[in-house]
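*Asks:* Please find model11.cif (mmCIF, C-alpha atoms and all ligand atoms) on the next line:
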```cif
data_coords
loop_
_atom_site.group_PDB
_atom_site.id
_atom_site.type_symbol
_atom_site.label_atom_id
_atom_site.label_comp_id
_atom_site.auth_asym_id
_atom_site.auth_seq_id
_atom_site.Cartn_x
_atom_site.Cartn_y
_atom_site.Cartn_z
ATOM 1 C CA MET Y 11 -0.171 -23.000 -11.979
ATOM 2 C CA ASP Y 12 2.696 -21.158 -10.360
ATOM 3 C CA ILE Y 13 1.298 -18.050 -8.717
ATOM 4 C CA ASP Y 14 4.225 -15.671 -8.784
ATOM 5 C CA LEU Y 15 5.492 -12.482 -10.382
ATOM 6 C CA LYS Y 16 9.131 -11.751 -11.017
ATOM 7 C CA ILE Y 17 9.901 -8.861 -8.704
ATOM 8 C CA PHE Y 18 11.444 -5.813 -10.379
ATOM 9 C CA SER Y 19 11.851 -3.188 -7.668
ATOM 10 C CA PRO Y 20 15.164 -1.338 -7.938
ATOM 11 C CA VAL Y 21 16.459 1.068 -5.287
ATOM 12 C CA GLN Y 22 17.255 4.568 -6.584
ATOM 13 C CA GLN Y 23 18.855 7.503 -4.821
ATOM 14 C CA ILE Y 24 16.896 10.751 -4.563
ATOM 15 C CA ASN Y 25 19.287 13.664 -4.970
ATOM 16 C CA ASN Y 26 18.206 16.943 -3.488
ATOM 17 C CA PRO Y 27 20.020 20.007 -2.065
ATOM 18 C CA LEU Y 28 18.159 19.598 1.249
ATOM 19 C CA PHE Y 29 19.425 16.058 1.749
ATOM 20 C CA ALA Y 30 22.953 17.013 0.643
ATOM 21 C CA ASP Y 31 22.955 19.927 3.093
ATOM 22 C CA ARG Y 32 21.869 17.691 6.011
ATOM 23 C CA GLY Y 33 24.331 14.946 5.051
ATOM 24 C CA LEU Y 34 21.555 12.435 4.325
ATOM 25 C CA CYS Y 35 21.414 9.703 1.719
ATOM 26 C CA VAL Y 36 17.801 9.102 0.696
ATOM 27 C CA PHE Y 37 16.712 6.220 -1.520
ATOM 28 C CA ILE Y 38 13.421 4.943 -2.861
ATOM 29 C CA LYS Y 39 12.525 1.292 -3.472
ATOM 30 C CA ARG Y 40 10.414 1.157 -6.608
ATOM 31 C CA ASP Y 41 7.733 -1.382 -5.703
ATOM 32 C CA ASP Y 42 5.511 0.647 -8.039
ATOM 33 C CA LEU Y 43 7.423 -0.980 -10.910
ATOM 34 C CA ILE Y 44 6.459 -4.533 -9.897
ATOM 35 C CA HIS Y 45 3.338 -4.358 -12.090
ATOM 36 C CA PRO Y 46 1.235 -1.477 -13.479
ATOM 37 C CA ILE Y 47 -2.029 -2.827 -12.003
ATOM 38 C CA ILE Y 48 -0.987 -5.362 -9.327
ATOM 39 C CA SER Y 49 1.120 -2.552 -8.046
ATOM 40 C CA GLY Y 50 3.462 -2.032 -5.161
ATOM 41 C CA ASN Y 51 2.596 -3.564 -1.843
ATOM 42 C CA LYS Y 52 -0.645 -4.966 -3.279
ATOM 43 C CA TRP Y 53 1.211 -7.756 -5.082
ATOM 44 C CA ARG Y 54 3.199 -8.538 -1.938
ATOM 45 C CA LYS Y 55 -0.036 -8.602 0.070
ATOM 46 C CA LEU Y 56 -1.920 -10.807 -2.381
ATOM 47 C CA LYS Y 57 0.797 -13.336 -3.125
ATOM 48 C CA TYR Y 58 0.275 -15.783 -0.236
ATOM 49 C CA LEU Y 59 -3.503 -15.243 -0.217
ATOM 50 C CA LEU Y 60 -3.674 -16.297 -3.856
ATOM 51 C CA LYS Y 61 -1.417 -19.277 -3.198
ATOM 52 C CA GLU Y 62 -3.703 -20.250 -0.301
ATOM 53 C CA ALA Y 63 -6.836 -19.906 -2.455
ATOM 54 C CA HIS Y 64 -5.183 -22.031 -5.141
ATOM 55 C CA SER Y 65 -4.113 -24.734 -2.667
ATOM 56 C CA GLN Y 66 -7.720 -24.929 -1.381
ATOM 57 C CA ASN Y 67 -8.907 -25.288 -5.001
ATOM 58 C CA LYS Y 68 -10.849 -22.037 -4.726
ATOM 59 C CA THR Y 69 -11.361 -20.399 -8.100
ATOM 60 C CA HIS Y 70 -13.380 -17.310 -7.190
ATOM 61 C CA LEU Y 71 -11.829 -14.409 -5.260
ATOM 62 C CA VAL Y 72 -14.229 -12.172 -3.341
ATOM 63 C CA THR Y 73 -12.898 -8.976 -1.847
ATOM 64 C CA PHE Y 74 -13.907 -5.536 -0.608
ATOM 65 C CA GLY Y 75 -13.014 -1.896 -1.049
ATOM 66 C CA GLY Y 76 -14.045 1.701 -1.559
ATOM 67 C CA ALA Y 77 -14.712 3.051 -5.048
ATOM 68 C CA TYR Y 78 -11.074 4.224 -5.364
ATOM 69 C CA SER Y 79 -9.451 1.171 -3.806
ATOM 70 C CA ASN Y 80 -6.002 0.191 -5.116
ATOM 71 C CA HIS Y 81 -6.594 -3.204 -3.521
ATOM 72 C CA LEU Y 82 -9.742 -3.851 -5.602
ATOM 73 C CA LEU Y 83 -7.879 -2.963 -8.770
ATOM 74 C CA ALA Y 84 -4.843 -5.067 -7.849
ATOM 75 C CA THR Y 85 -7.066 -8.050 -7.024
ATOM 76 C CA ALA Y 86 -8.868 -7.661 -10.358
ATOM 77 C CA GLY Y 87 -5.505 -7.587 -12.141
ATOM 78 C CA ALA Y 88 -4.139 -10.573 -10.227
ATOM 79 C CA ALA Y 89 -7.309 -12.584 -10.828
ATOM 80 C CA ALA Y 90 -7.040 -11.924 -14.554
ATOM 81 C CA ARG Y 91 -3.338 -12.779 -14.573
ATOM 82 C CA PHE Y 92 -3.700 -16.052 -12.652
ATOM 83 C CA GLY Y 93 -7.063 -17.247 -13.926
ATOM 84 C CA PHE Y 94 -9.437 -16.624 -11.006
ATOM 85 C CA LYS Y 95 -13.020 -15.415 -11.248
ATOM 86 C CA VAL Y 96 -13.299 -12.255 -9.147
ATOM 87 C CA THR Y 97 -15.972 -10.210 -7.401
ATOM 88 C CA GLY Y 98 -15.486 -6.849 -5.710
ATOM 89 C CA ILE Y 99 -17.958 -5.705 -3.079
ATOM 90 C CA VAL Y 100 -17.827 -1.908 -3.204
ATOM 91 C CA ARG Y 101 -18.761 0.475 -0.405
ATOM 92 C CA GLY Y 102 -21.347 3.058 -1.441
ATOM 93 C CA GLU Y 103 -23.666 3.708 -4.336
ATOM 94 C CA ASP Y 104 -23.156 2.547 -7.908
ATOM 95 C CA VAL Y 105 -20.613 4.814 -9.600
ATOM 96 C CA ASN Y 106 -18.253 4.441 -12.501
ATOM 97 C CA ASN Y 107 -14.892 6.098 -11.946
ATOM 98 C CA ASN Y 108 -11.445 5.362 -13.377
ATOM 99 C CA THR Y 109 -10.660 2.682 -10.780
ATOM 100 C CA LEU Y 110 -13.911 0.773 -11.204
ATOM 101 C CA PHE Y 111 -13.658 1.063 -14.985
ATOM 102 C CA MET Y 112 -10.240 -0.621 -14.767
ATOM 103 C CA CYS Y 113 -11.593 -3.258 -12.343
ATOM 104 C CA ARG Y 114 -14.391 -4.159 -14.755
ATOM 105 C CA LEU Y 115 -11.979 -4.172 -17.684
ATOM 106 C CA HIS Y 116 -10.005 -6.886 -15.850
ATOM 107 C CA GLY Y 117 -13.167 -8.956 -15.484
ATOM 108 C CA MET Y 118 -14.184 -8.059 -11.940
ATOM 109 C CA GLU Y 119 -17.887 -8.201 -11.155
ATOM 110 C CA LEU Y 120 -18.961 -5.408 -8.843
ATOM 111 C CA ILE Y 121 -21.600 -5.482 -6.125
ATOM 112 C CA PHE Y 122 -22.387 -2.120 -4.541
ATOM 113 C CA THR Y 123 -23.500 -2.056 -0.954
ATOM 114 C CA ASP Y 124 -24.599 0.610 1.501
ATOM 115 C CA ARG Y 125 -22.149 1.812 4.118
ATOM 116 C CA GLU Y 126 -24.068 0.158 6.942
ATOM 117 C CA SER Y 127 -23.943 -3.400 5.586
ATOM 118 C CA TYR Y 128 -20.366 -2.822 4.368
ATOM 119 C CA ARG Y 129 -19.198 -2.892 8.004
ATOM 120 C CA ASP Y 130 -19.808 -6.628 8.306
ATOM 121 C CA LYS Y 131 -17.786 -8.174 5.494
ATOM 122 C CA GLN Y 132 -18.213 -11.778 6.623
ATOM 123 C CA ALA Y 133 -21.985 -11.280 6.598
ATOM 124 C CA LEU Y 134 -21.840 -9.890 3.053
ATOM 125 C CA PHE Y 135 -19.700 -12.824 1.960
ATOM 126 C CA VAL Y 136 -22.239 -15.247 3.422
ATOM 127 C CA LYS Y 137 -25.181 -13.317 1.967
ATOM 128 C CA TYR Y 138 -23.887 -13.456 -1.610
ATOM 129 C CA PHE Y 139 -21.614 -16.494 -1.710
ATOM 130 C CA ALA Y 140 -22.710 -18.977 0.969
ATOM 131 C CA GLY Y 141 -23.708 -21.332 -1.863
ATOM 132 C CA ASP Y 142 -20.496 -20.907 -3.857
ATOM 133 C CA GLU Y 143 -17.983 -23.503 -2.705
ATOM 134 C CA ASN Y 144 -15.354 -21.942 -4.967
ATOM 135 C CA ALA Y 145 -15.532 -18.548 -3.284
ATOM 136 C CA PHE Y 146 -12.493 -17.353 -1.296
ATOM 137 C CA PHE Y 147 -12.779 -14.422 1.136
ATOM 138 C CA ILE Y 148 -10.089 -11.732 1.024
ATOM 139 C CA ASP Y 149 -10.533 -8.929 3.548
ATOM 140 C CA GLU Y 150 -10.548 -5.237 2.644
ATOM 141 C CA GLY Y 151 -7.048 -4.120 1.721
ATOM 142 C CA GLY Y 152 -5.921 -7.764 1.914
ATOM 143 C CA ALA Y 153 -5.235 -7.317 5.645
ATOM 144 C CA SER Y 154 -4.009 -10.674 7.009
ATOM 145 C CA PRO Y 155 -0.930 -12.498 8.356
ATOM 146 C CA GLU Y 156 -0.353 -13.853 4.805
ATOM 147 C CA ALA Y 157 -0.209 -10.281 3.517
ATOM 148 C CA ALA Y 158 2.290 -9.267 6.217
ATOM 149 C CA ARG Y 159 4.416 -12.288 5.293
ATOM 150 C CA GLY Y 160 4.475 -11.190 1.653
ATOM 151 C CA CYS Y 161 5.558 -7.666 2.651
ATOM 152 C CA SER Y 162 8.350 -8.954 4.906
ATOM 153 C CA GLU Y 163 10.081 -10.379 1.810
ATOM 154 C CA LEU Y 164 10.874 -6.842 0.715
ATOM 155 C CA ILE Y 165 13.651 -6.813 3.324
ATOM 156 C CA ASN Y 166 15.345 -9.879 1.811
ATOM 157 C CA GLU Y 167 15.717 -8.009 -1.480
ATOM 158 C CA LEU Y 168 17.856 -5.225 0.034
ATOM 159 C CA THR Y 169 21.559 -5.393 -0.762
ATOM 160 C CA GLU Y 170 22.571 -2.379 1.340
ATOM 161 C CA SER Y 171 21.750 -1.328 4.878
ATOM 162 C CA TYR Y 172 19.557 1.584 5.954
ATOM 163 C CA ASP Y 173 19.065 3.363 9.264
ATOM 164 C CA HIS Y 174 15.444 4.215 8.522
ATOM 165 C CA ILE Y 175 12.744 2.760 6.284
ATOM 166 C CA PHE Y 176 9.576 4.793 5.645
ATOM 167 C CA CYS Y 177 6.209 3.530 4.426
ATOM 168 C CA ALA Y 178 2.664 4.878 4.183
ATOM 169 C CA SER Y 179 0.062 2.960 6.218
ATOM 170 C CA GLY Y 180 -3.604 2.241 5.557
ATOM 171 C CA THR Y 181 -4.208 -1.013 7.421
ATOM 172 C CA GLY Y 182 -0.653 -1.195 8.830
ATOM 173 C CA THR Y 183 -0.066 -4.598 7.220
ATOM 174 C CA MET Y 184 2.889 -3.518 5.100
ATOM 175 C CA ALA Y 185 4.496 -1.754 8.068
ATOM 176 C CA ALA Y 186 4.102 -4.871 10.225
ATOM 177 C CA GLY Y 187 5.522 -7.096 7.485
ATOM 178 C CA ILE Y 188 8.559 -4.873 7.044
ATOM 179 C CA ILE Y 189 9.163 -4.811 10.797
ATOM 180 C CA ASN Y 190 8.945 -8.630 10.868
ATOM 181 C CA GLY Y 191 11.505 -8.743 8.048
ATOM 182 C CA ILE Y 192 13.817 -6.377 9.942
ATOM 183 C CA THR Y 193 13.520 -8.497 13.107
ATOM 184 C CA ALA Y 194 14.058 -11.798 11.283
ATOM 185 C CA ASN Y 195 17.226 -10.448 9.676
ATOM 186 C CA LYS Y 196 18.398 -8.843 12.959
ATOM 187 C CA LEU Y 197 18.876 -5.461 11.271
ATOM 188 C CA PRO Y 198 19.360 -2.230 13.260
ATOM 189 C CA THR Y 199 16.909 -0.459 10.911
ATOM 190 C CA ILE Y 200 13.935 1.486 12.310
ATOM 191 C CA LEU Y 201 10.644 1.357 10.427
ATOM 192 C CA HIS Y 202 8.638 4.587 10.261
ATOM 193 C CA SER Y 203 4.937 4.358 9.453
ATOM 194 C CA ILE Y 204 2.976 7.347 8.143
ATOM 195 C CA PRO Y 205 -0.742 6.713 8.743
ATOM 196 C CA VAL Y 206 -2.783 8.375 5.988
ATOM 197 C CA PHE Y 207 -5.779 8.833 8.305
ATOM 198 C CA LYS Y 208 -6.573 11.537 10.828
ATOM 199 C CA ASN Y 209 -6.034 10.283 14.409
ATOM 200 C CA GLY Y 210 -3.641 7.628 13.126
ATOM 201 C CA ALA Y 211 -2.503 6.545 16.607
ATOM 202 C CA PHE Y 212 -4.775 3.494 16.278
ATOM 203 C CA MET Y 213 -2.321 2.208 13.651
ATOM 204 C CA ALA Y 214 -0.012 1.031 16.455
ATOM 205 C CA SER Y 215 -2.472 -1.633 17.622
ATOM 206 C CA GLU Y 216 -3.127 -2.710 14.015
ATOM 207 C CA ILE Y 217 0.617 -3.096 13.441
ATOM 208 C CA ASP Y 218 1.204 -4.834 16.776
ATOM 209 C CA LYS Y 219 -1.432 -7.491 15.976
ATOM 210 C CA LEU Y 220 0.642 -8.649 13.010
ATOM 211 C CA LEU Y 221 4.108 -8.554 14.595
ATOM 212 C CA LEU Y 222 5.692 -11.975 15.047
ATOM 213 C CA GLU Y 223 7.830 -10.558 17.874
ATOM 214 C CA PRO Y 224 7.446 -7.235 19.699
ATOM 215 C CA ALA Y 225 9.655 -4.550 18.124
ATOM 216 C CA ASP Y 226 10.257 -0.813 18.242
ATOM 217 C CA TYR Y 227 9.104 1.368 15.388
ATOM 218 C CA GLN Y 228 8.032 4.969 14.847
ATOM 219 C CA LEU Y 229 4.566 6.235 14.008
ATOM 220 C CA HIS Y 230 4.275 9.785 12.614
ATOM 221 C CA THR Y 231 0.631 10.772 12.928
ATOM 222 C CA ASP Y 232 0.905 14.403 11.742
ATOM 223 C CA TYR Y 233 1.140 13.827 8.004
ATOM 224 C CA HIS Y 234 -2.492 13.014 7.156
ATOM 225 C CA PHE Y 235 -3.245 16.443 5.560
ATOM 226 C CA GLY Y 236 -6.808 16.432 6.863
ATOM 227 C CA GLY Y 237 -7.565 12.721 6.550
ATOM 228 C CA TYR Y 238 -7.895 9.850 4.123
ATOM 229 C CA GLY Y 239 -8.020 11.071 0.534
ATOM 230 C CA LYS Y 240 -7.675 14.694 1.669
ATOM 231 C CA VAL Y 241 -5.010 16.998 0.304
ATOM 232 C CA THR Y 242 -3.788 20.529 0.928
ATOM 233 C CA THR Y 243 -2.159 22.991 -1.462
ATOM 234 C CA GLU Y 244 1.119 22.298 0.315
ATOM 235 C CA LEU Y 245 0.883 18.564 -0.423
ATOM 236 C CA VAL Y 246 -0.165 19.144 -4.039
ATOM 237 C CA ASN Y 247 2.762 21.542 -4.562
ATOM 238 C CA PHE Y 248 5.137 19.029 -2.993
ATOM 239 C CA ILE Y 249 3.917 16.282 -5.330
ATOM 240 C CA LYS Y 250 4.225 18.522 -8.394
ATOM 241 C CA SER Y 251 7.778 19.431 -7.521
ATOM 242 C CA PHE Y 252 8.758 15.851 -6.560
ATOM 243 C CA VAL Y 253 7.460 14.406 -9.837
ATOM 244 C CA ALA Y 254 9.003 17.171 -11.940
ATOM 245 C CA ASN Y 255 12.373 16.820 -10.195
ATOM 246 C CA THR Y 256 12.667 13.030 -10.055
ATOM 247 C CA GLY Y 257 10.526 11.621 -12.878
ATOM 248 C CA ILE Y 258 8.915 9.324 -10.295
ATOM 249 C CA LEU Y 259 5.106 9.444 -10.128
ATOM 250 C CA ILE Y 260 3.646 9.458 -6.641
ATOM 251 C CA ASP Y 261 0.022 9.613 -5.469
ATOM 252 C CA PRO Y 262 -1.640 12.075 -3.073
ATOM 253 C CA ILE Y 263 -3.285 9.368 -0.928
ATOM 254 C CA TYR Y 264 -0.286 7.324 0.236
ATOM 255 C CA THR Y 265 3.194 7.842 -1.167
ATOM 256 C CA GLY Y 266 2.910 11.643 -1.468
ATOM 257 C CA LYS Y 267 2.222 11.963 2.265
ATOM 258 C CA MET Y 268 5.018 9.552 3.202
ATOM 259 C CA LEU Y 269 7.618 11.342 1.059
ATOM 260 C CA TYR Y 270 6.456 14.726 2.310
ATOM 261 C CA ALA Y 271 7.155 13.442 5.824
ATOM 262 C CA ILE Y 272 10.742 12.513 4.923
ATOM 263 C CA TYR Y 273 11.441 15.966 3.431
ATOM 264 C CA ASP Y 274 9.767 17.701 6.365
ATOM 265 C CA LEU Y 275 11.646 15.678 8.998
ATOM 266 C CA ALA Y 276 14.933 16.221 7.131
ATOM 267 C CA GLY Y 277 14.290 19.979 7.166
ATOM 268 C CA LYS Y 278 13.653 19.800 10.928
ATOM 269 C CA ASN Y 279 16.965 17.987 11.529
ATOM 270 C CA TYR Y 280 15.186 14.871 12.741
ATOM 271 C CA PHE Y 281 17.855 12.597 11.223
ATOM 272 C CA LYS Y 282 21.490 12.362 12.288
ATOM 273 C CA PRO Y 283 23.910 13.496 9.565
ATOM 274 C CA GLY Y 284 25.149 10.457 7.674
ATOM 275 C CA SER Y 285 21.819 8.636 7.993
ATOM 276 C CA ARG Y 286 20.677 6.365 5.193
ATOM 277 C CA ILE Y 287 16.942 6.493 4.589
ATOM 278 C CA LEU Y 288 14.840 4.239 2.367
ATOM 279 C CA ALA Y 289 11.335 5.224 1.232
ATOM 280 C CA ILE Y 290 9.071 2.438 -0.004
ATOM 281 C CA HIS Y 291 7.204 3.437 -3.151
ATOM 282 C CA SER Y 292 4.167 1.251 -2.546
ATOM 283 C CA GLY Y 293 2.548 2.004 -5.913
ATOM 284 C CA GLY Y 294 -0.992 3.349 -6.217
ATOM 285 C CA ILE Y 295 -0.234 5.958 -8.847
ATOM 286 C CA TRP Y 296 -3.693 5.503 -10.439
ATOM 287 C CA GLY Y 297 -4.928 7.399 -7.400
ATOM 288 C CA LEU Y 298 -3.650 10.533 -9.120
ATOM 289 C CA LEU Y 299 -6.310 10.243 -11.811
ATOM 290 C CA GLY Y 300 -9.151 10.436 -9.314
ATOM 291 C CA MET Y 301 -7.729 13.694 -7.942
ATOM 292 C CA LYS Y 302 -6.591 15.581 -10.975
ATOM 293 C CA ASP Y 303 -8.907 18.554 -10.353
ATOM 294 C CA LYS Y 304 -6.954 19.170 -7.123
ATOM 295 C CA PHE Y 305 -3.854 19.824 -9.240
ATOM 296 C CA ASN Y 306 -5.143 22.807 -11.244
HETATM 297 C C1 LIG Y 401 -2.829 -0.017 0.088
HETATM 298 C C2 LIG Y 401 -1.697 0.937 0.029
HETATM 299 C C3 LIG Y 401 -0.939 1.276 1.164
HETATM 300 C C4 LIG Y 401 -1.319 0.813 2.552
HETATM 301 O O1 LIG Y 401 -0.815 -0.438 2.888
HETATM 302 P P1 LIG Y 401 -1.267 -1.129 4.262
HETATM 303 O O2 LIG Y 401 -0.613 -2.451 4.238
HETATM 304 O O3 LIG Y 401 -2.770 -1.260 4.181
HETATM 305 O O4 LIG Y 401 -0.873 -0.264 5.381
HETATM 306 C C5 LIG Y 401 0.153 2.120 1.006
HETATM 307 N N1 LIG Y 401 0.470 2.616 -0.202
HETATM 308 C C6 LIG Y 401 -0.239 2.335 -1.309
HETATM 309 C C7 LIG Y 401 0.144 2.961 -2.592
HETATM 310 C C8 LIG Y 401 -1.341 1.492 -1.231
HETATM 311 O O5 LIG Y 401 -2.059 1.236 -2.339
#
```
Just give me the structure as structure tokens.
Ligand SMILES: *Cc1c(COP(=O)(O)O)cnc(C)c1O
*Replies:*
Amino acid sequence: MDIDLKIFSPVQQINNPLFADRGLCVFIKRDDLIHPIISGNKWRKLKYLLKEAHSQNKTHLVTFGGAYSNHLLATAGAAARFGFKVTGIVRGEDVNNNTLFMCRLHGMELIFTDRESYRDKQALFVKYFAGDENAFFIDEGGASPEAARGCSELINELTESYDHIFCASGTGTMAAGIINGITANKLPTILHSIPVFKNGAFMASEIDKLLLEPADYQLHTDYHFGGYGKVTTELVNFIKSFVANTGILIDPIYTGKMLYAIYDLAGKNYFKPGSRILAIHSGGIWGLLGMKDKFN
């Protein structure tokens, strides 16, 4: 079986009076259009892991995530698409939300585990699947060199040059992959990572671990809006206006924060006039459904 998806991820310009006034050209790469479920960076991150599982004749994917994890859902979707059995080990008590409903619908079996045991994922894998020679371990969020390699391919798809590329960061894997792609292609582009956690400075060491060569990049740690999964009225209003003005859905957990950062930095004259900026739409729009009461 050929484990691959045809990548459809066009680049679109975002027109806005603010950008016009500052002389900026801002674009968005629509990785969210790659697949509705195996969405955005999650396909890029899973691609080489799935190929590796397949080459080892492993038929059962085992992975980890919180109850709202885009990675769990993407893995469920990919397993269904490419014929793997799949188990998700979920942090916290047994719940049934939109994400887990969709995971189950795609055939994922769920095991709920307390927060304490969730910390040691290898131990959980051994506990449940030591006797299953078909089981293949995929870390939370897919974090791995294979995942960074998949993300670096995004750079090869670009047909124009950009001064700045922006992405949201959870594990930092996508950021590292993009930086590796920039370095390999000897581009002058600077990658900007927006950690979606409070105290996101730790992201630098996570990114650095996955770099194939040391490289400069920018970390903007002030756009977490209170922390992972947290929103403010300002962020919600930004998302409402962005969606209504562009027709592009974004989520409050990742892409909303990253795009807010671009608008905010543009307003503060952070970019030189004439700069070309590319935002990566890394998918995850199902995250909106879990937060719809915040949008009233
Ligand atoms: C998982 C995810 C990210 C974070 O990617 P990392 O490689 O973990 O930094 C960003 N955006 C979306 C929409 C995601 O689902």
*Asks:* Give the residue list for ligand LIG 401 (chain Y) at 7 Å, counting all atoms listed in the file, as a ChimeraX atom specification, sorted by chain and then by residue number.
*Replies:* /Y:50-52,80-81,151,153,178-185,264-265,292-295
*Asks:* Do you have, as a tab-separated table, the list of residues of range 81-127 of chain Y lying at most 10 Å from range 13-34 of chain Y, each with its nearest atom pair and that distance in Å to one decimal, counting only C-alpha atoms and ordered by chain then number?
*Replies:*
```
residue	atom	partner	partner_atom	distance
Y:Ala88	CA	Y:Ile13	CA	9.4
Y:Arg91	CA	Y:Ile13	CA	9.1
Y:Phe92	CA	Y:Ile13	CA	6.7
Y:Gly93	CA	Y:Ile13	CA	9.9
```
*Asks:* Select, from Y:Tyr280, Y:Tyr58, Y:Tyr273, Y:Tyr227, the residue with the minimum atom-to-atom distance to Ser154 in chain Y, counting all atoms listed in the file.
*Replies:*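 Counting all atoms listed in the file, the residue closest to Ser154 in chain Y is Y:Tyr58.
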*Asks:* Please provide as number ranges by chain all residues within 10 Å of Gly191 in chain Y, with the sequence filter that same-chain residues fewer than 2 positions apart are discarded (counting all atoms listed in the file).
*Replies:* Y: 158-166, 185-189, 193-197, 221-222
*Asks:* Those selected residues, please, written with C-alpha atoms and delivered as a short mmCIF file (atom, residue, chain, number, x, y, z; two decimals), in the frame of the given file.
*Replies:*
```cif
data_model
loop_
_atom_site.label_atom_id
_atom_site.label_comp_id
_atom_site.auth_asym_id
_atom_site.auth_seq_id
_atom_site.Cartn_x
_atom_site.Cartn_y
_atom_site.Cartn_z
CA ALA Y 158 2.29 -9.27 6.22
CA ARG Y 159 4.42 -12.29 5.29
CA GLY Y 160 4.47 -11.19 1.65
CA CYS Y 161 5.56 -7.67 2.65
CA SER Y 162 8.35 -8.95 4.91
CA GLU Y 163 10.08 -10.38 1.81
CA LEU Y 164 10.87 -6.84 0.72
CA ILE Y 165 13.65 -6.81 3.32
CA ASN Y 166 15.34 -9.88 1.81
CA ALA Y 185 4.50 -1.75 8.07
CA ALA Y 186 4.10 -4.87 10.22
CA GLY Y 187 5.52 -7.10 7.48
CA ILE Y 188 8.56 -4.87 7.04
CA ILE Y 189 9.16 -4.81 10.80
CA THR Y 193 13.52 -8.50 13.11
CA ALA Y 194 14.06 -11.80 11.28
CA ASN Y 195 17.23 -10.45 9.68
CA LYS Y 196 18.40 -8.84 12.96
CA LEU Y 197 18.88 -5.46 11.27
CA LEU Y 221 4.11 -8.55 14.60
CA LEU Y 222 5.69 -11.98 15.05
#
```
*Asks:* I'd like the contact shell of Val72 in chain Y - 7 Å cut-off, only C-alpha atoms, skipping same-chain residues fewer than 6 positions apart - returned as JSON, numbers by chain.
*Replies:* {"Y": [96, 97, 98, 145, 146, 147, 148]}
*Asks:* Where does range 69-109 of chain Y meet range 230-253 of chain Y within 12 Å, residue by residue, with the nearest atom pair and distance in Å to one decimal for each, counting only C-alpha atoms, listed by chain and rising number, as CSV?
*Replies:*
```
residue,atom,partner,partner_atom,distance
Y:Gly76,CA,Y:Gly239,CA,11.3
Y:Ala77,CA,Y:Gly239,CA,11.8
Y:Tyr78,CA,Y:Gly239,CA,9.5
Y:Ser79,CA,Y:Gly239,CA,10.9
```
*Asks:* If you count all atoms listed in the file, which residues fall within 10 Å of Leu134 in chain Y, apart from same-chain ones fewer than 6 positions away, as a list in words?
*Replies:*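 Here the answer would be Phe74, Ile99, Thr123, Ser127, Tyr128 and Ala140 of chain Y.
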*Asks:* For the PyMOL selection byres (((chain Y and resi 174) around 6) and not hetatm), applied here, can you spell out every residue it catches as a compact mmCIF listing (two decimals) with C-alpha atoms, keeping the file's coordinate frame?
*Replies:*
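Contents of the output file part24.txt:
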```txt
# COMPACT_ATOMS: atom_id res chain seq x y z
CA TYR Y 172 19.56 1.58 5.95
CA ASP Y 173 19.07 3.36 9.26
CA ILE Y 175 12.74 2.76 6.28
CA THR Y 199 16.91 -0.46 10.91
CA ILE Y 200 13.94 1.49 12.31
CA LEU Y 201 10.64 1.36 10.43
CA ILE Y 287 16.94 6.49 4.59
```
*Asks:* On this file, the PyMOL selection byres (((chain Y and resi 120) around 12) and not hetatm) gives some set of residues; write that set as a PyMOL selection string.
*Replies:* chain Y and resi 72-77+82-83+86+95-106+109-119+121-123+138
*Asks:* Counting all atoms listed in the file, I want the residues whose atoms come within 7 Å of (12.2, 6.0, 0.5) in the file frame, returned as a list in words.
*Replies:*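 Residues with an atom at most 7 Å from (12.2, 6.0, 0.5): Val36, Phe37, Ile38, Lys39, Ile175, Phe176, Ile287, Leu288, Ala289, Ile290 and His291 of chain Y.
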*Asks:* Mind giving me the straight-line distance from CA of Gly266 in chain Y to CA of Phe212 in chain Y in Å, one decimal?
*Replies:* 21.0 Å
*Asks:* To one decimal place, how far is CA of Ser65 in chain Y from CA of Ala157 in chain Y in Å?
*Replies:*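 About the pair CA of Ser65 in chain Y and CA of Ala157 in chain Y: they are 16.2 Å apart.
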*Asks:* Given the choices Y:Asp142, Y:Ala271, Y:Ser215, Y:Phe135, which gets closest to His202 in chain Y if the distance is worked out from only C-alpha atoms?
*Replies:* Y:Ala271
